[in-house]
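Remarks on the structure that follows.
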Amino acid sequence: MKLRVCAALLLASSLAHGGEGMWTPDQLSEIATPLKEAGLELDPAQFADLSGSPMGAIVSLGGCSASFVSPDGLVVTNHHCAYGSIQLNSTEQNNRLRDGIYAATRADELSAGPAARIFVTEEIRDVTRDVLKGLTPRMSDRQRYDAVDAAKKKLVASCESKPGARCNVGSFFGGVVYRLMVQMEIRDVRIVYAPPVAIGKFGGDVDNWSWPRHTGDFAFYRAYVGKDGKPADFAADNVPYRPKHYLPISKQALRDGDFVMVAGYPGTTARYRLADEIDAVIDWTYPKQIARLDALIGLVAEAAPAGSDVSIKYASTVSSWQNGRKNNAGQLAGFASADASGQKQREEAALEQWLSNKGADGQSALRELKALRAHLASARATRDRDLVIATLNSSGLFATARTLHRLSAERARTDSQREVGFQARDWSRIEAGLRQLDRRMDPSVDRKILRYALTEYQALSAEQRLPELDSWLASRPNTGDDDQLERALDALYAGTRLVESQARLDMFTAQRQALEASDDTFIKLAIQLAPALQRIEDQRKSYEGGLLRLQPTYMQAMMDFRRSQGLATYPDANGTLRITFGSVGGVDARDGLRYVPFTTTAGIAAKHTGSDPFDATAPQLAAIEAGARAVPVNFLADLDVTGGNSGSATLNAKGELVGLIFDMTWESVASNWVFDPALTRTIHVDSRYMHWVMSDVYPAPSVLRELGLRNAE
């Protein structure tokens with residue numbers, strides 16, 4: 001089946017479902033009619049202007065979303081997106097997670113950390129022809145992978161010849177389309193305001209993915225640049241960045257049924273994946289990941305008492321693990337209730353029936369679909385091994401040693417030949433990680449994590465084990481009176497200097513020959529395992545080359561099929577700029593259970609127990625007791641989002657900020673794979689609650705003035 005792309009193919013005259021769809025900015029003009037019918041008051045075509053209103057205000061934090069809300073570079077995002085930066089600035093003696101942060105003046109603003117970034121998207125352009133022009137049918141899967149990789153690197157290198165630019169090539173519609181994203185990378189990011197964790201994370205993991213919610217999940221950064229207006233490293237004389245656009249805060253009360261939209265950078269979805277893939281996720285991937293995360297969370301909880309410096313070091317990591325664990329469990333529950341596997345099977349059966357009536361092109365596509373299923377199945381042979389390797393990287397010291405050794409090897413190559421993640425553009429990020437390790441890792445906890453991972457490795461079948469790692473484990477023979485693994489770990493942790501910041505930085509700049517002469521035990525382990533890890537990487541690249549060969553044909557067939565049904569095809573999320581729209585509204589979640597669209601401060605007092613995670617602050621309780629019982633806290637909407645959307649601006653019909661998205665309901669979690677418009681609801685913090693907190697509870701008068709808001713009377 002020929003690969004062809006045109007606007008009419010990608011978009012049909014009607015949407016798949018109300019609320020469904022993560023649309024690229026250029027697509028909104030083509031769905032103008034349903035947007036206007038839903039209530040949008042702006043011209044849909046203006047969303048394609050990335051420097052105008054409102055898209056000029058929407059930014060990425062590299063994993064979360066955010067937006068400019070003042071002409072002086074003030075940025076609003078979720079508290080949980082700023083959590084790592086707050087943790088980095090916290091100690092047992094000065095616990096800013098517990099106490100919050102308020103910078104009354106610019107001089108009081110704290111660095112969000114050397115790795116903190118704000119990415120401002122300036123241009124998106126189609127580069128499909130440039131990426132695919134060198135491909136030929138006779139290429140092996142590895143050759144295909146390498147050709148696409150080389151083409152993308154060439155495009156990125158040319159793009160980043162402009163100072164301050166950060167560029168990436170994204171794959172859309174399973175490799176049918178490729179687009180180049182051009183962003184400004186702002187490297188000086190500072191914390192302006194974050195409420196105490198008792199507000200920003202009220203309800204904690206208990207309430208996560210649940211409704212009703214009463215969480216003040218918001219925080220403020222500020223973007224700084226050099227005096228010339230260009231991106232610069234942190235410096236005292238840098239100046240606030242002046243964005244091309246910023247979002248005004250709505251002065252109008254949000255109501256049930258109102259039009260809302262979210263603009264941000266959703267991570268990944270799997271709406272067009274095959275039934276075989278969702279079955280593998282249900283039967284193996286998510287259950288395995290849940291067990292792994294339970295073990296890691298338990299190890300840290302046992303080793304790091306609450307409030308201790310060690311617990312603060314792992315606060316951000318554990319929060320991420322807990323979120324992932326509950327997400328996986330929620331998806332499994334959602335898959336069961338939605339019959340996700342059966343739904344995917346029925347969709348594929350309908351596609352195959354349609355293709356069977358399409359002559360030679362249809363038969364060709366059916367053969368490719370069969371080949372794709374076989375290719376996907378081939379990856380399952382090593383999935384246990386691959387999960388263990390990923391778990392080994394949960395050890396900060398092991399991951400650091402691997403990175404340092406790989407970097408020393410990659411430095412000797414030209415930048416176009418270096419592996420993605422180890423090019424010159426990545427060095428500052430790697431260095432920042434090395435500097436931050438002291439605030440993210442404790443050796444005693446790290447050892448427990450690595451022991452767990454190695455114990456899992458020892459349980460692998462013989463054909464999945466690595467001779468190099470077996471050799472290392474056997475280097476400390478079991479004498480019969482002790483634990484062989486424990487002795488290996490004793491020697492490993494006793495013989496490393498990677499716990500020292502300066503030692504890590506020295507190794508960061510070391511040449512490969514010098515590093516490989518090191519007697520550091522972790523570095524020696526990384527060197528010993530390098531051949532095995534390279535084999536695994538080569539296998540992965542060949543596998544991904546097969547996907548590059550097979551997925552476009554399947555995805556093209558799916559788009560043709562959907563078009564024949566009058567359905568639009570939006571691309572799966574891939575970390576690039578998207579817009580989704582819908583309306584505020586509750587939902588009948590289950591038989592006899594109605595979720596109302598808004599919660600209020602009265603619910604905070606009702607939930608308060610005095611113990612984490614329901615320990616509301618004294619000023620909150622006092623203000624509520626004094627009469628502030630009806631301030632809206634969180635609200636529901638029927639939008640289509642996923643991880644990475646956290647911190648995204650929620651906008652009204654005029655493009656004004658009315659809140660921030662931070663979560664989904666339990667019934668919605670499976671929407672990464674199957675979107676159910678009847679049940680899917682997103683959870684947002686209301687801008688009115690943000691105003692109230694900054695006025696009455698944890699005052700920030702300078703921030704309110706900058707936002708054009710007043711202190712409450």
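Naming scheme: A, B, ... for chains in displayed order of the structure tokens; residues 1 onward per chain; ligands 1 onward as shown.
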
Fewer than 5 positions away in the same chain doesn't count, so skip those; otherwise give me all residues within 12 Å of Met555 of chain A, counting only C-alpha atoms, as a short mmCIF file (atom, residue, chain, number, x, y, z; two decimals) with N, CA and C atoms, in the first residue's frame.
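Okay, this is what ended up in selection-v8.cif:
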```cif
data_model
loop_
_atom_site.label_atom_id
_atom_site.label_comp_id
_atom_site.auth_asym_id
_atom_site.auth_seq_id
_atom_site.Cartn_x
_atom_site.Cartn_y
_atom_site.Cartn_z
N MET A 1 0.85 -1.20 0.00
CA MET A 1 0.00 0.00 0.00
C MET A 1 0.88 1.23 0.00
N LYS A 2 0.65 2.15 -0.91
CA LYS A 2 1.48 3.34 -1.02
C LYS A 2 1.28 4.24 0.19
N LEU A 3 2.39 4.90 0.59
CA LEU A 3 2.33 5.85 1.68
C LEU A 3 2.03 7.23 1.12
N ARG A 4 0.94 7.82 1.56
CA ARG A 4 0.59 9.15 1.08
C ARG A 4 0.04 9.95 2.25
N VAL A 5 0.35 11.20 2.27
CA VAL A 5 -0.07 12.05 3.37
C VAL A 5 -0.67 13.32 2.82
N LEU A 9 -6.52 13.35 4.36
CA LEU A 9 -6.36 12.00 4.89
C LEU A 9 -6.27 12.03 6.40
N LEU A 10 -5.50 12.99 6.93
CA LEU A 10 -5.25 13.02 8.37
C LEU A 10 -6.46 13.51 9.14
N PHE A 172 5.58 11.01 13.57
CA PHE A 172 4.13 11.11 13.71
C PHE A 172 3.47 10.03 12.86
N PHE A 173 2.34 9.52 13.34
CA PHE A 173 1.58 8.50 12.61
C PHE A 173 2.46 7.28 12.30
N GLY A 174 3.22 6.82 13.31
CA GLY A 174 4.00 5.60 13.14
C GLY A 174 5.11 5.70 12.13
N GLY A 175 5.62 6.90 11.87
CA GLY A 175 6.71 7.07 10.91
C GLY A 175 6.25 7.45 9.52
N VAL A 176 4.97 7.77 9.36
CA VAL A 176 4.50 8.27 8.07
C VAL A 176 4.96 9.70 7.86
N VAL A 177 5.03 10.46 8.95
CA VAL A 177 5.40 11.88 8.90
C VAL A 177 6.50 12.14 9.92
N ARG A 271 -2.76 4.74 21.16
CA ARG A 271 -4.13 4.56 20.66
C ARG A 271 -4.19 3.63 19.45
N TYR A 272 -3.12 3.56 18.67
CA TYR A 272 -3.15 2.79 17.43
C TYR A 272 -2.33 1.51 17.52
N ARG A 273 -1.97 1.12 18.74
CA ARG A 273 -1.21 -0.12 18.91
C ARG A 273 -2.10 -1.34 18.67
N LEU A 274 -1.46 -2.47 18.41
CA LEU A 274 -2.19 -3.70 18.09
C LEU A 274 -2.68 -4.40 19.36
N GLU A 348 -9.15 -4.29 14.93
CA GLU A 348 -8.25 -4.91 13.96
C GLU A 348 -9.00 -5.81 12.99
N LEU A 351 -10.54 -3.61 10.47
CA LEU A 351 -9.52 -3.12 9.54
C LEU A 351 -9.15 -4.20 8.53
N ALA A 365 -0.97 -4.88 2.37
CA ALA A 365 -1.03 -4.32 3.72
C ALA A 365 -1.31 -5.42 4.75
N LEU A 366 -2.15 -6.39 4.39
CA LEU A 366 -2.43 -7.49 5.31
C LEU A 366 -1.17 -8.31 5.59
N GLU A 368 1.88 -7.17 5.49
CA GLU A 368 2.74 -6.34 6.35
C GLU A 368 2.24 -6.35 7.79
N LEU A 369 0.91 -6.37 7.97
CA LEU A 369 0.34 -6.41 9.31
C LEU A 369 0.70 -7.72 10.01
N LEU A 372 4.26 -7.45 11.04
CA LEU A 372 4.41 -6.57 12.21
C LEU A 372 4.10 -7.32 13.49
N LEU A 547 10.53 -1.90 13.09
CA LEU A 547 9.33 -1.09 13.27
C LEU A 547 9.26 0.03 12.25
N LEU A 548 10.42 0.63 11.95
CA LEU A 548 10.46 1.69 10.93
C LEU A 548 10.02 1.16 9.56
N ARG A 549 10.26 -0.12 9.33
CA ARG A 549 9.89 -0.74 8.05
C ARG A 549 8.41 -1.09 8.01
N LEU A 550 7.86 -1.56 9.13
CA LEU A 550 6.53 -2.16 9.13
C LEU A 550 5.42 -1.23 9.62
N ASP A 560 -6.45 5.43 6.41
CA ASP A 560 -7.37 5.27 5.28
C ASP A 560 -8.70 4.69 5.75
N PHE A 561 -8.61 3.69 6.61
CA PHE A 561 -9.81 3.03 7.13
C PHE A 561 -10.66 4.00 7.94
N ARG A 562 -10.04 4.75 8.83
CA ARG A 562 -10.77 5.71 9.66
C ARG A 562 -11.40 6.81 8.79
N THR A 569 -8.05 11.42 12.25
CA THR A 569 -6.89 10.71 12.79
C THR A 569 -5.91 11.73 13.31
N TYR A 570 -5.84 11.83 14.62
CA TYR A 570 -4.83 12.68 15.24
C TYR A 570 -3.63 11.79 15.58
N PRO A 571 -2.44 12.31 15.63
CA PRO A 571 -1.28 11.46 15.93
C PRO A 571 -1.19 11.11 17.41
N ASP A 572 -0.67 9.92 17.69
CA ASP A 572 -0.37 9.57 19.07
C ASP A 572 0.56 10.63 19.67
#
```

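Using only C-alpha atoms, the contacts of Asp237 of chain A at a cut-off of 10 Å, with sequence neighbours closer than 3 positions omitted, comprise Tyr224, Val225, Gly226, Lys227, Phe234 and Pro240 of chain A.
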
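Closest approach to Ala573 of chain A among A:Gly21, A:Gly610, A:Gly164, A:Pro196: A:Gly21, based on only C-alpha atoms.
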
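Distances here use only C-alpha atoms; by that measure, the residue among A:Gln417, A:Ser378, A:Asn78, A:Thr128 closest to Ser65 of chain A is A:Asn78.
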
Nearby residues (only C-alpha atoms) at most 12 Å from segment 295-306 of chain A, same-chain spacing under 4 positions excluded, as number ranges by chain: A: 92, 95, 98, 288-291, 310-325, 391-392, 394-395, 441-453, 455-456, 612

Expected file contents, prior selection, C-alpha atoms, as an mmCIF file, in the first residue's frame:
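The result, written out as out-v1.cif:
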```
data_model
loop_
_atom_site.group_PDB
_atom_site.id
_atom_site.type_symbol
_atom_site.label_atom_id
_atom_site.label_comp_id
_atom_site.auth_asym_id
_atom_site.auth_seq_id
_atom_site.Cartn_x
_atom_site.Cartn_y
_atom_site.Cartn_z
ATOM 1 C CA GLU A 92 16.704 18.268 56.958
ATOM 2 C CA ASN A 95 13.085 21.655 54.500
ATOM 3 C CA ARG A 98 7.660 21.106 54.053
ATOM 4 C CA LYS A 288 6.047 -6.838 36.422
ATOM 5 C CA GLN A 289 6.487 -3.080 36.697
ATOM 6 C CA ILE A 290 4.127 -2.890 39.684
ATOM 7 C CA ALA A 291 6.088 -5.598 41.509
ATOM 8 C CA VAL A 310 17.959 10.610 53.183
ATOM 9 C CA SER A 311 14.182 10.651 52.708
ATOM 10 C CA ILE A 312 14.436 14.181 51.292
ATOM 11 C CA LYS A 313 17.087 13.005 48.815
ATOM 12 C CA TYR A 314 14.754 10.319 47.494
ATOM 13 C CA ALA A 315 11.511 12.330 47.792
ATOM 14 C CA SER A 316 11.241 13.164 44.095
ATOM 15 C CA THR A 317 12.293 9.678 42.970
ATOM 16 C CA VAL A 318 9.864 7.903 45.280
ATOM 17 C CA SER A 319 7.055 10.254 44.289
ATOM 18 C CA SER A 320 7.684 9.330 40.641
ATOM 19 C CA TRP A 321 7.725 5.613 41.488
ATOM 20 C CA GLN A 322 4.482 5.890 43.441
ATOM 21 C CA ASN A 323 2.798 7.750 40.616
ATOM 22 C CA GLY A 324 3.948 5.174 38.064
ATOM 23 C CA ARG A 325 2.865 2.290 40.243
ATOM 24 C CA THR A 391 16.305 -1.867 37.214
ATOM 25 C CA LEU A 392 20.105 -1.856 37.495
ATOM 26 C CA SER A 394 17.836 2.616 39.376
ATOM 27 C CA SER A 395 21.154 2.562 41.220
ATOM 28 C CA MET A 441 21.317 9.529 46.191
ATOM 29 C CA ASP A 442 22.492 7.951 49.436
ATOM 30 C CA PRO A 443 25.116 5.158 49.156
ATOM 31 C CA SER A 444 23.469 2.896 51.735
ATOM 32 C CA VAL A 445 20.093 3.085 49.964
ATOM 33 C CA ASP A 446 21.763 2.810 46.580
ATOM 34 C CA ARG A 447 23.379 -0.439 47.675
ATOM 35 C CA LYS A 448 20.011 -1.904 48.671
ATOM 36 C CA ILE A 449 18.575 -0.964 45.282
ATOM 37 C CA LEU A 450 21.480 -2.532 43.407
ATOM 38 C CA ARG A 451 21.306 -5.685 45.517
ATOM 39 C CA TYR A 452 17.620 -6.018 44.662
ATOM 40 C CA ALA A 453 18.356 -5.602 40.948
ATOM 41 C CA THR A 455 19.037 -10.621 42.914
ATOM 42 C CA GLU A 456 16.445 -10.280 40.156
ATOM 43 C CA ASP A 612 0.344 13.137 56.168
#
```

So that I can check the surroundings of Arg578 of chain A, please list as an mmCIF file with N, CA, C and O atoms, in the first residue's frame every protein, DNA and RNA residue that reaches within 7 Å of it, counting only C-alpha atoms and ignoring chain neighbours fewer than 6 positions away.
```cif
data_model
loop_
_atom_site.group_PDB
_atom_site.id
_atom_site.type_symbol
_atom_site.label_atom_id
_atom_site.label_comp_id
_atom_site.auth_asym_id
_atom_site.auth_seq_id
_atom_site.Cartn_x
_atom_site.Cartn_y
_atom_site.Cartn_z
ATOM 1 N N MET A 22 -5.522 14.677 20.591
ATOM 2 C CA MET A 22 -4.399 15.535 20.952
ATOM 3 C C MET A 22 -3.890 16.145 19.649
ATOM 4 O O MET A 22 -3.049 15.573 18.967
ATOM 5 N N TRP A 23 -4.403 17.318 19.316
ATOM 6 C CA TRP A 23 -4.222 17.905 17.993
ATOM 7 C C TRP A 23 -2.954 18.735 17.926
ATOM 8 O O TRP A 23 -2.602 19.444 18.865
ATOM 9 N N THR A 24 -2.272 18.662 16.793
ATOM 10 C CA THR A 24 -1.127 19.536 16.569
ATOM 11 C C THR A 24 -1.652 20.937 16.247
ATOM 12 O O THR A 24 -2.777 21.085 15.754
ATOM 13 N N PRO A 25 -0.872 21.995 16.531
ATOM 14 C CA PRO A 25 -1.382 23.360 16.343
ATOM 15 C C PRO A 25 -1.916 23.636 14.945
ATOM 16 O O PRO A 25 -2.934 24.327 14.788
ATOM 17 N N ALA A 263 -3.293 23.214 26.495
ATOM 18 C CA ALA A 263 -2.172 23.236 25.551
ATOM 19 C C ALA A 263 -0.916 22.833 26.302
ATOM 20 O O ALA A 263 -0.601 23.402 27.351
ATOM 21 N N GLY A 264 -0.201 21.837 25.788
ATOM 22 C CA GLY A 264 0.996 21.366 26.466
ATOM 23 C C GLY A 264 1.733 20.329 25.646
ATOM 24 O O GLY A 264 1.565 20.234 24.424
ATOM 25 N N TYR A 265 2.539 19.529 26.344
ATOM 26 C CA TYR A 265 3.450 18.592 25.693
ATOM 27 C C TYR A 265 3.221 17.166 26.225
ATOM 28 O O TYR A 265 4.011 16.660 27.024
#
```

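Nearest-residue note for Leu40 of chain A: choosing from A:Ser337, A:Gly100, A:Leu28, A:Leu577, the minimum distance belongs to A:Leu28, counting only C-alpha atoms.
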
Taking only residues of segment 108-177 of chain A that have an atom at most 12 Å from an atom of segment 204-222 of chain A, what is each one's shortest atom pair and its distance in Å to one decimal, using only C-alpha atoms, in chain and number order, as CSV?
```
residue,atom,partner,partner_atom,distance
A:Asp108,CA,A:Arg222,CA,11.8
A:Glu109,CA,A:Arg222,CA,8.4
A:Leu110,CA,A:Tyr221,CA,9.3
A:Ser111,CA,A:Tyr221,CA,9.3
A:Ala112,CA,A:Tyr221,CA,8.0
A:Gly113,CA,A:Tyr221,CA,11.6
A:Ala116,CA,A:Tyr221,CA,10.2
A:Arg117,CA,A:Tyr221,CA,10.5
A:Ile118,CA,A:Arg222,CA,9.4
```

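Checking A:Lys153, A:Arg487, A:Arg106, A:His245 one by one against Arg190 of chain A, counting only C-alpha atoms, you find the shortest gap at A:Arg106.
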
When DSSP is applied to the backbone of this structure, which of segment 168-239 of chain A are assigned alpha helix (DSSP H)? Write them out as a PyMOL selection string. chain A and resi 197-200+204-207

So which residues touch Ala194 of chain A within 12 Å, counting only C-alpha atoms, skipping near sequence neighbours fewer than 6 positions away, as a ChimeraX atom specification? /A:75-87,89,96-103,109-110,112,200-201,216-221,690,693-694,698-700,703

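Reported to one decimal place, the separation of atom CA of Thr269 of chain A from atom CA of Gln353 of chain A is 25.5 Å.
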
Those of segment 144-323 of chain A in DSSP strand (DSSP E or B), formatted as a VMD selection string: chain A and resid 165 to 172 177 to 186 188 to 194 219 to 225 239 to 240 249 259 to 264 268

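Minimum distance to Thr496 of chain A across A:Ser341, A:Thr400, A:Ser475, A:Ser408 (counting only C-alpha atoms) occurs at A:Thr400.
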
Taking into account only C-alpha atoms, which residue in the set A:Gly229, A:Pro632, A:Gly495, A:Pro195 is nearest to Ile604 of chain A? A:Pro632

Residues at most 9 Å from segment 508-511 of chain A, counting only C-alpha atoms, excluding those fewer than 4 positions away in the same chain, as a list in words? Leu404, His405, Leu407, Ser408, Ala409, Arg411, Ala412, Ile430, Glu431, Leu434, Ala503, Arg504, Leu515 and Glu516 of chain A
